[in-house]
Amino acid sequence: MPDPIGYRRPDPATQPPYDLPTYGSTRPRHPKQPLVRVPHTLSEVTGPRMSPAWYAPHDDLSRHNGKEALGERIIVAGRVLDEDGRPVRGALVEVWQANAAGRYHHPADQHDAPLDPNFLGRGRVFTDEEGNYRFTTIRPGAYPWRNHANAWRPVHIHFSLFGAGLAQRLITQMYFPGDPLLAYDPIFQCTADEAARNRLIAQFDIAITQPEWALGYRFDIILRGREATPFEDGAGAH
Amino acid sequence: MTAATTSQTAGPYWHLIDFPEWADLLRPDGPNAGIEGGERIVLTGRITDGDGAPVTDAMVEIWQADPEGRYDGAFHGFGRCGTDANGMFRFVTLKPGPVPGRGNQTQAPHVVLTLFARGLLKQLVTRLYFEGEKLNETDPLLQSIEPARRGTLIARPTGTPGEWRLDIRLQGENETVFLDV
Ligand SMILES: [Fe+2]
């Protein structure tokens with residue numbers, strides 16, 4: 001069996017450190033020993049095949065039990081591509097977020113903001129043959145956290161992605177254009193590379209916007225590319 | 001070419017995408033229903049931080065081969081488990097077989113563990129090996145790690161038949177070996 005083709009290593013400036021003093025929770029949780037680099041084997045280049053048969057899609061967060069959630073309805077759509085611009089097909093995209101008031105439907109969230117019985121704030125979609133995904137939701141609210149004095153998270157949606165291989169596994173956050181809180185948020189500000197961090201900001205898109213219904217935002221996501229182009233399409237799940 | 005999207009922390013509210021039954025890969029209504037053969041095992045462990053405190057809000061995922069060492073067979077080797085109030089995780093699965101390595105090498109049976117949590121801006125990846133496996137002595141990854149730290153990747157039997165335990169220390173004394181994948 002020939003050696004599997006590995007995934008390219010990221011430019012460190014485009015990815016966060018484990019130890020980020022401005023983000024207090026990293027202090028006791030970051031490893032102090034250097035990570036051990038693993039030449040990619042089947043264990044890293046393969047990943048779970050996430051079939052909709054076992055992970056049922058749920059692409060409309062804006063209603064629950066047939067009732068409309070409160071807040072501004074929005075559509076979020078985009079493509080999942082690898083670093084070489086090839087679509088990642090059949091990728092599982094999980095999303096979770098706070099409601100319009102900035103409160104998560106989660107027992108640990110004690111922010112003094114109302115819960116919405118018609119908003120759970122979680123969804124699951126798969127990319128199509130061109131790498132496209134799309135879901136409908138409510139624009140989340142900003143919320144406070146205790147990282148530093150008067151700390152507020154900018155408006156964001158959490159994204160979890162499964163590509164073709166374990167090395168492509170990604171959890172990230174999508175932000176909204178023009179949010180004044182971005183300048184104060186150590187999590188958003190975690191990369192040295194400014195262009196990389198700005199790619200976490202979705203763009204308003206009139207083509208995704210639906211008349212008389214909902215504003216549309218585009219958020220494209222890039223997963224790691226292969227070290228060399230495989231003869232077969234590497235985007236297939238294996 | 002555009003660089004891969006920046007990782008961001010999963011934060012404390014990822015339970016919204018967690019379904020506790022996913023920790024049991026052998027659940028009767030799950031993707032492995034009807035799979036025959038293999039040895040049923042339980043993988044458990046406790047995650048602690050640099051202060052020795054349990055990490056009670058970590059999301060742990062596993063990825064593993066089937067009992068024959070294949071990743072492309074019928075077995076769905078994926079599970080997800082949130083740590084509990086004591087920092088413990090627990091998976092029910094089948095024991096993986098040896099997996100081909102690079103060149104003509106063979107990798108000892110192992111399970112890849114991926115950790116997400118508040119305070120982790122990107123995931124931490126490690127591996128769980130099984131104590132007493134002959135192939136551990138020739139596993140390319142284990143052998144590349146200094147002997148004093150190798151044990152942080154090797155699960156031990158708990159005494160309950162089929163149950164293995166591997167504790168994970170994010171920082172400090174006996175810090176787990178994490179992998180740059
Ligand atoms: Fe959040």
# chains A, B, ... in the order shown; residues from 1 in each chain; ligands from 1

call {"tool": "interface_residues", "arguments": {"of": "chain B", "to": "chain A", "cutoff": "6 Å", "atoms": "only C-alpha atoms", "output": "PyMOL selection string"}}
result
chain B and resi 1-8+49-50+78+101-102+119+170-171+178-181

call {"tool": "select_by_dssp", "arguments": {"residues": "region 127-236 of chain A", "states": "strand (DSSP E)", "output": "ChimeraX atom specification"}}
result
/A:132-138,143-145,151-153,156-162,170-175,203-204,215-218,221-223

call {"tool": "residues_near_ligand", "arguments": {"ligand": "ligand 1", "cutoff": "10 Å", "atoms": "only C-alpha atoms and all ligand atoms", "output": "PyMOL selection string"}}
result
(chain A and resi 96-98+102-104+140-143+145+153-158+173-174) or (chain B and resi 9-14+118)

call {"tool": "closest_residue", "arguments": {"among": "A:Pro114, A:Pro211, A:Asn147, A:Leu92", "to": "Asp128 (chain A)", "atoms": "only C-alpha atoms"}}
result
A:Leu92

call {"tool": "atom_distance", "arguments": {"atom1": "CA of Ser62 (chain A)", "atom2": "CA of Phe119 (chain A)"}}
result
6.7 Å

call {"tool": "decode", "arguments": {"residues": "region 141-155 of chain B", "atoms": "all heavy atoms", "output": "compact mmCIF listing (two decimals), in the first residue's frame"}}
result
# COMPACT_ATOMS: atom_id res chain seq x y z
N LEU B 141 5.04 5.78 16.25
CA LEU B 141 4.78 6.99 17.03
C LEU B 141 5.22 6.83 18.49
O LEU B 141 5.94 7.66 19.03
CB LEU B 141 3.29 7.37 16.96
CG LEU B 141 2.91 8.55 17.86
CD1 LEU B 141 3.66 9.81 17.44
CD2 LEU B 141 1.40 8.80 17.83
N LEU B 142 4.81 5.71 19.10
CA LEU B 142 5.21 5.50 20.51
C LEU B 142 6.73 5.52 20.65
O LEU B 142 7.28 6.11 21.58
CB LEU B 142 4.69 4.15 21.01
CG LEU B 142 3.27 4.09 21.57
CD1 LEU B 142 2.97 2.68 22.06
CD2 LEU B 142 3.07 5.10 22.69
N GLN B 143 7.42 4.88 19.69
CA GLN B 143 8.87 4.79 19.80
C GLN B 143 9.55 6.13 19.53
O GLN B 143 10.71 6.33 19.90
CB GLN B 143 9.42 3.72 18.84
CG GLN B 143 8.96 2.31 19.19
CD GLN B 143 9.21 1.94 20.65
OE1 GLN B 143 10.29 2.17 21.20
NE2 GLN B 143 8.19 1.39 21.32
N SER B 144 8.82 7.08 18.92
CA SER B 144 9.42 8.39 18.65
C SER B 144 9.32 9.30 19.88
O SER B 144 9.87 10.40 19.89
CB SER B 144 8.72 9.05 17.46
OG SER B 144 7.45 9.55 17.83
N ILE B 145 8.60 8.85 20.91
CA ILE B 145 8.39 9.66 22.12
C ILE B 145 9.35 9.20 23.20
O ILE B 145 9.57 8.00 23.37
CB ILE B 145 6.93 9.52 22.58
CG1 ILE B 145 6.00 10.13 21.53
CG2 ILE B 145 6.70 10.17 23.94
CD1 ILE B 145 4.56 9.76 21.70
N GLU B 146 9.91 10.16 23.94
CA GLU B 146 10.86 9.78 24.99
C GLU B 146 10.17 8.82 25.98
O GLU B 146 9.00 9.03 26.33
CB GLU B 146 11.39 11.03 25.71
CG GLU B 146 10.29 11.93 26.25
CD GLU B 146 10.83 13.16 26.97
OE1 GLU B 146 11.58 12.98 27.92
OE2 GLU B 146 10.50 14.28 26.53
N PRO B 147 10.91 7.78 26.40
CA PRO B 147 10.29 6.73 27.22
C PRO B 147 9.57 7.26 28.46
O PRO B 147 8.50 6.75 28.82
CB PRO B 147 11.48 5.83 27.61
CG PRO B 147 12.49 6.05 26.54
CD PRO B 147 12.32 7.47 26.07
N ALA B 148 10.09 8.31 29.07
CA ALA B 148 9.49 8.81 30.31
C ALA B 148 8.07 9.35 30.07
O ALA B 148 7.27 9.39 31.00
CB ALA B 148 10.35 9.91 30.91
N ARG B 149 7.76 9.77 28.85
CA ARG B 149 6.44 10.36 28.58
C ARG B 149 5.52 9.40 27.83
O ARG B 149 4.34 9.68 27.66
CB ARG B 149 6.60 11.65 27.75
CG ARG B 149 7.44 12.73 28.45
CD ARG B 149 7.31 14.07 27.75
NE ARG B 149 5.96 14.60 27.89
CZ ARG B 149 5.39 15.42 27.00
NH1 ARG B 149 6.05 15.80 25.93
NH2 ARG B 149 4.17 15.86 27.20
N ARG B 150 6.08 8.28 27.34
CA ARG B 150 5.30 7.34 26.52
C ARG B 150 4.04 6.85 27.24
O ARG B 150 3.00 6.65 26.63
CB ARG B 150 6.20 6.16 26.19
CG ARG B 150 6.14 5.69 24.80
CD ARG B 150 7.21 4.63 24.56
NE ARG B 150 8.43 5.20 24.02
CZ ARG B 150 9.61 4.56 24.00
NH1 ARG B 150 9.72 3.32 24.50
NH2 ARG B 150 10.67 5.14 23.48
N GLY B 151 4.20 6.64 28.55
CA GLY B 151 3.10 6.08 29.33
C GLY B 151 1.86 6.95 29.35
O GLY B 151 0.76 6.45 29.65
N THR B 152 2.00 8.23 29.01
CA THR B 152 0.81 9.10 29.02
C THR B 152 -0.16 8.76 27.89
O THR B 152 -1.28 9.29 27.86
CB THR B 152 1.18 10.60 28.92
OG1 THR B 152 1.74 10.88 27.63
CG2 THR B 152 2.19 11.00 30.00
N LEU B 153 0.28 7.88 26.98
CA LEU B 153 -0.60 7.49 25.87
C LEU B 153 -1.13 6.07 26.04
O LEU B 153 -1.87 5.58 25.18
CB LEU B 153 0.16 7.56 24.54
CG LEU B 153 0.77 8.90 24.13
CD1 LEU B 153 1.35 8.80 22.73
CD2 LEU B 153 -0.25 10.01 24.19
N ILE B 154 -0.76 5.39 27.13
CA ILE B 154 -1.07 3.96 27.23
C ILE B 154 -2.13 3.71 28.30
O ILE B 154 -1.90 3.91 29.49
CB ILE B 154 0.22 3.15 27.51
CG1 ILE B 154 1.21 3.39 26.36
CG2 ILE B 154 -0.10 1.68 27.66
CD1 ILE B 154 2.55 2.74 26.54
N ALA B 155 -3.30 3.27 27.84
CA ALA B 155 -4.39 2.96 28.76
C ALA B 155 -4.11 1.63 29.47
O ALA B 155 -3.46 0.74 28.92
CB ALA B 155 -5.70 2.86 27.98
